[in-house]
>>> print(open('input_36.txt').read())   # compact mmCIF, C-alpha atoms
# COMPACT_ATOMS: atom_id res chain seq x y z
CA MET D 1 15.85 25.15 15.75
CA ALA D 2 15.89 27.55 12.81
CA ALA D 3 13.25 27.21 10.08
CA ASP D 4 15.89 26.04 7.57
CA ASP D 5 17.09 23.35 10.00
CA HIS D 6 13.51 22.15 10.52
CA SER D 7 12.75 21.89 6.79
CA THR D 8 16.09 20.16 6.22
CA SER D 9 15.29 17.58 8.91
CA ILE D 10 11.83 16.98 7.40
CA GLU D 11 13.37 16.52 3.95
CA ALA D 12 15.96 14.15 5.40
CA ALA D 13 13.24 12.13 7.16
CA GLN D 14 11.24 11.94 3.93
CA ALA D 15 14.30 10.78 1.99
CA GLU D 16 15.09 8.16 4.65
CA THR D 17 11.50 6.91 4.65
CA ARG D 18 11.46 6.72 0.84
CA ALA D 19 14.76 4.80 0.91
CA ALA D 20 13.34 2.36 3.50
CA ILE D 21 10.25 1.74 1.36
CA GLU D 22 12.38 1.30 -1.77
CA ASN D 23 14.52 -1.17 0.19
CA ARG D 24 11.33 -3.06 1.13
CA ALA D 25 10.42 -3.16 -2.56
CA LEU D 26 13.73 -4.78 -3.44
CA ILE D 27 13.42 -7.24 -0.56
CA TYR D 28 9.99 -8.24 -1.93
CA LEU D 29 11.53 -8.62 -5.40
CA HIS D 30 14.38 -10.83 -4.25
CA LEU D 31 12.17 -12.91 -1.96
CA TYR D 32 9.73 -13.44 -4.80
CA GLU D 33 12.46 -14.39 -7.28
CA THR D 34 14.09 -16.79 -4.81
CA LEU D 35 10.81 -18.43 -3.83
CA ALA D 36 9.68 -18.60 -7.48
CA GLU D 37 12.87 -20.50 -8.35
CA GLU D 38 12.19 -23.03 -5.62
CA LEU D 39 8.40 -23.26 -5.63
CA GLY D 40 7.20 -21.72 -8.88
CA PRO D 41 5.78 -18.22 -9.34
CA GLU D 42 2.20 -18.94 -8.23
CA GLN D 43 3.14 -20.61 -4.95
CA ALA D 44 5.80 -17.96 -4.28
CA SER D 45 3.20 -15.24 -4.74
CA GLU D 46 0.67 -17.01 -2.51
CA PHE D 47 3.20 -17.56 0.32
CA MET D 48 4.25 -13.93 0.26
CA LYS D 49 0.65 -12.68 0.13
CA ARG D 50 -0.32 -14.79 3.13
CA ALA D 51 2.52 -13.41 5.24
CA ILE D 52 2.03 -9.79 4.17
CA TYR D 53 -1.75 -10.08 4.65
CA GLN D 54 -1.16 -11.01 8.31
CA ARG D 55 0.74 -7.77 8.85
CA GLY D 56 -2.20 -5.94 7.32
CA VAL D 57 -4.61 -7.61 9.75
CA GLU D 58 -2.50 -6.21 12.59
CA ILE D 59 -2.60 -2.72 11.05
CA GLY D 60 -6.35 -3.05 10.51
CA GLN D 61 -7.00 -2.94 14.24
CA ALA D 62 -6.55 0.83 14.03
CA TYR D 63 -9.55 0.94 11.64
CA ARG D 64 -11.78 -1.52 13.48
CA GLU D 65 -13.73 0.93 15.66
CA ALA D 66 -14.57 3.21 12.73
CA ALA D 67 -15.51 0.17 10.60
CA GLU D 68 -17.75 -1.26 13.31
CA GLU D 69 -19.49 2.12 13.59
CA GLY D 70 -19.93 2.21 9.80
CA ASP D 71 -17.95 5.46 9.69
CA LEU D 72 -16.30 5.20 6.28
CA ALA D 73 -15.39 8.89 6.33
CA ARG D 74 -13.27 8.15 9.41
CA VAL D 75 -11.78 5.09 7.70
CA GLY D 76 -10.74 7.37 4.83
CA GLU D 77 -9.24 9.91 7.22
CA LEU D 78 -7.26 7.20 9.00
CA PHE D 79 -5.99 5.91 5.66
CA CYS D 80 -4.85 9.34 4.49
CA ASP D 81 -3.53 10.50 7.87
CA GLY D 82 -1.59 7.27 8.39
CA SER D 83 0.31 7.57 5.13
CA PRO D 84 4.07 8.07 5.66
CA CYS D 85 5.52 11.57 5.50
CA ALA D 86 2.12 13.26 5.66
CA GLY D 87 1.13 11.59 2.40
CA GLU D 88 4.11 12.86 0.42
CA LEU D 89 5.21 9.39 -0.68
CA PHE D 90 1.94 7.68 -1.64
CA GLU D 91 -0.26 10.75 -2.19
CA PRO D 92 -3.42 9.21 -0.69
CA ALA D 93 -6.83 10.75 -1.28
CA ILE D 94 -10.53 10.06 -0.91
CA GLU D 95 -12.00 9.86 -4.40
CA GLU D 96 -15.57 9.01 -3.49
CA SER D 97 -17.38 8.64 -0.18
CA GLY D 98 -20.82 7.34 0.71
CA THR D 99 -22.63 5.54 3.48
CA SER D 100 -21.72 2.01 2.39
CA ARG D 101 -18.66 2.59 0.20
CA ILE D 102 -15.55 4.73 -0.03
CA VAL D 103 -13.01 4.81 -2.84
CA LEU D 104 -9.48 5.63 -1.78
CA SER D 105 -6.54 6.35 -4.04
CA MET D 106 -2.79 6.48 -3.98
CA ARG D 107 -1.31 8.46 -6.85
CA ALA D 108 2.32 7.57 -6.14
CA CYS D 109 4.18 4.49 -4.94
CA PRO D 110 7.84 4.24 -3.94
CA LEU D 111 7.59 0.45 -4.32
CA VAL D 112 6.64 0.72 -7.99
CA ASP D 113 9.24 3.46 -8.50
CA ALA D 114 11.94 1.19 -7.04
CA TRP D 115 10.92 -1.79 -9.19
CA ARG D 116 10.92 0.33 -12.34
CA ALA D 117 14.29 1.88 -11.46
CA HIS D 118 15.64 -1.65 -10.92
CA GLY D 119 14.53 -2.64 -14.44
CA VAL D 120 11.78 -5.05 -13.39
CA PRO D 121 9.51 -5.85 -16.37
CA ASP D 122 5.90 -4.61 -16.27
CA TYR D 123 4.37 -8.09 -15.93
CA GLU D 124 6.51 -8.79 -12.87
CA ILE D 125 5.74 -5.36 -11.36
CA ASP D 126 2.06 -6.27 -11.62
CA VAL D 127 2.73 -9.53 -9.75
CA LEU D 128 4.75 -7.70 -7.10
CA CYS D 129 1.99 -5.09 -6.72
CA GLY D 130 -0.47 -7.90 -6.10
CA ILE D 131 1.83 -9.23 -3.42
CA ALA D 132 2.35 -5.82 -1.81
CA ALA D 133 -1.40 -5.10 -1.97
CA ALA D 134 -1.97 -7.97 0.44
CA VAL D 135 -1.11 -5.57 3.27
CA ASP D 136 -4.06 -3.37 2.25
CA GLU D 137 -6.32 -6.41 1.89
CA GLY D 138 -5.37 -7.53 5.39
CA THR D 139 -5.78 -4.01 6.76
CA PHE D 140 -9.33 -3.49 5.56
CA GLU D 141 -10.55 -7.07 5.84
CA GLY D 142 -8.98 -7.29 9.30
CA ALA D 143 -11.02 -4.25 10.28
CA GLY D 144 -14.19 -5.98 9.10
CA LEU D 145 -14.49 -4.26 5.72
CA GLU D 146 -14.47 -5.53 2.14
CA LEU D 147 -11.79 -4.37 -0.28
CA GLU D 148 -11.53 -4.55 -4.03
CA PHE D 149 -8.69 -3.02 -6.01
CA LEU D 150 -10.19 -1.22 -8.99
CA ASP D 151 -6.73 -0.36 -10.32
CA ARG D 152 -3.08 -0.53 -9.26
CA LEU D 153 -0.21 1.78 -10.17
CA GLY D 154 1.93 -1.18 -11.18
CA ARG D 155 -0.28 -1.90 -14.18
CA PRO D 156 0.89 -0.27 -17.42
CA GLY D 157 -1.00 2.96 -18.05
CA SER D 158 -2.44 3.21 -14.53
CA GLU D 159 -2.34 6.58 -12.83
CA SER D 160 -3.28 5.45 -9.33
CA CYS D 161 -4.18 2.62 -7.04
CA LEU D 162 -7.93 2.69 -6.47
CA LEU D 163 -9.26 0.88 -3.41
CA ASP D 164 -13.00 0.27 -3.23
CA VAL D 165 -13.74 -0.21 0.48
CA ARG D 166 -17.21 -1.34 1.54
CA LEU D 167 -19.07 -2.13 4.72
CA ARG D 168 -19.85 -5.80 5.20
>>> encode(input="input_36.txt", output="C-alpha cells")
Amino acid sequence: MAADDHSTSIEAAQAETRAAIENRALIYLHLYETLAEELGPEQASEFMKRAIYQRGVEIGQAYREAAEEGDLARVGELFCDGSPCAGELFEPAIEESGTSRIVLSMRACPLVDAWRAHGVPDYEIDVLCGIAAAVDEGTFEGAGLELEFLDRLGRPGSESCLLDVRLR
C-alpha cells in the first residue's frame, strides 16, 4: 500500500467514525425528545442515563485492574489511548495527575458538534451532554473510582469536558 493510500484510508476511517458518533448524537436527541413527550423531560433523562450508564460499567472493566492498584496514571493512559481515531475526535488529555486524583479532559466532542449543527438549543445540549456523560460515569464508577464532571463542552462558554477521577 502506498503512503497516499494509507493516509487516505486513515482519513476515511476517521470520517466514518465521526459520522457514526454524530449519528449516535442524533439518536440520543430523538430518543430524548420522544421519551420527553411521553414521560416528561426529567424521567426521559433518567431512563436514558440509566441505560447508558450500564454500557459504561461494561467499558469500565478495562480500567478495573489499574483502579484496584491505585494506578491513576495508567487509568489516564487507558482513557487517552482508548479514544477513537487515536484521540483525533475527542482530543483527550491528562490535565493533572496525583496519587489520589487525576483530571482528564476532552477538548472536542462530535456529539456536541452534531447537536449544534442540528440546531439544538444550548439548554437542551446541556441536558443531552448530561445523558451522554452517563457512559463516563459508568466507566469510572464501574471500575471502582469516583467521577465528578468539573465542566462539559455542551455548556455555553466551555472549552473542554473536565473529568475529576478519584480513588475510592
>>> closest_residue(input="input_36.txt", among="D:Arg18, D:His30, D:Arg74, D:Arg168", to="Ala108 (chain D)", atoms="all atoms listed in the file")
D:Arg18
>>> atom_distance(input="input_36.txt", atom1="CA of Leu167 (chain D)", atom2="CA of Met106 (chain D)")
20.4 Å
>>> residues_around(input="input_36.txt", residues="Asp136 (chain D)", least_positions_apart="4", cutoff="8 Å", atoms="only C-alpha atoms", output="MDAnalysis selection string")
chainID D and resid 53 56 132 140
>>> atom_distance(input="input_36.txt", atom1="CA of Val165 (chain D)", atom2="CA of Ser105 (chain D)")
10.7 Å
>>> atom_distance(input="input_36.txt", atom1="CA of Glu11 (chain D)", atom2="CA of Tyr63 (chain D)")
28.8 Å
>>> residues_around(input="input_36.txt", residues="Ser158 (chain D)", least_positions_apart="4", cutoff="12 Å", atoms="only C-alpha atoms", output="PyMOL selection string")
chain D and resi 105-109+112+122+126+150-154+162
>>> residues_around(input="input_36.txt", residues="region 20-29 of chain D", least_positions_apart="6", cutoff="6 Å", atoms="all atoms listed in the file", output="PyMOL selection string")
chain D and resi 110-111+114
>>> closest_residue(input="input_36.txt", among="D:Gly70, D:Arg101, D:Pro92, D:Tyr32", to="Ser160 (chain D)", atoms="only C-alpha atoms")
D:Pro92
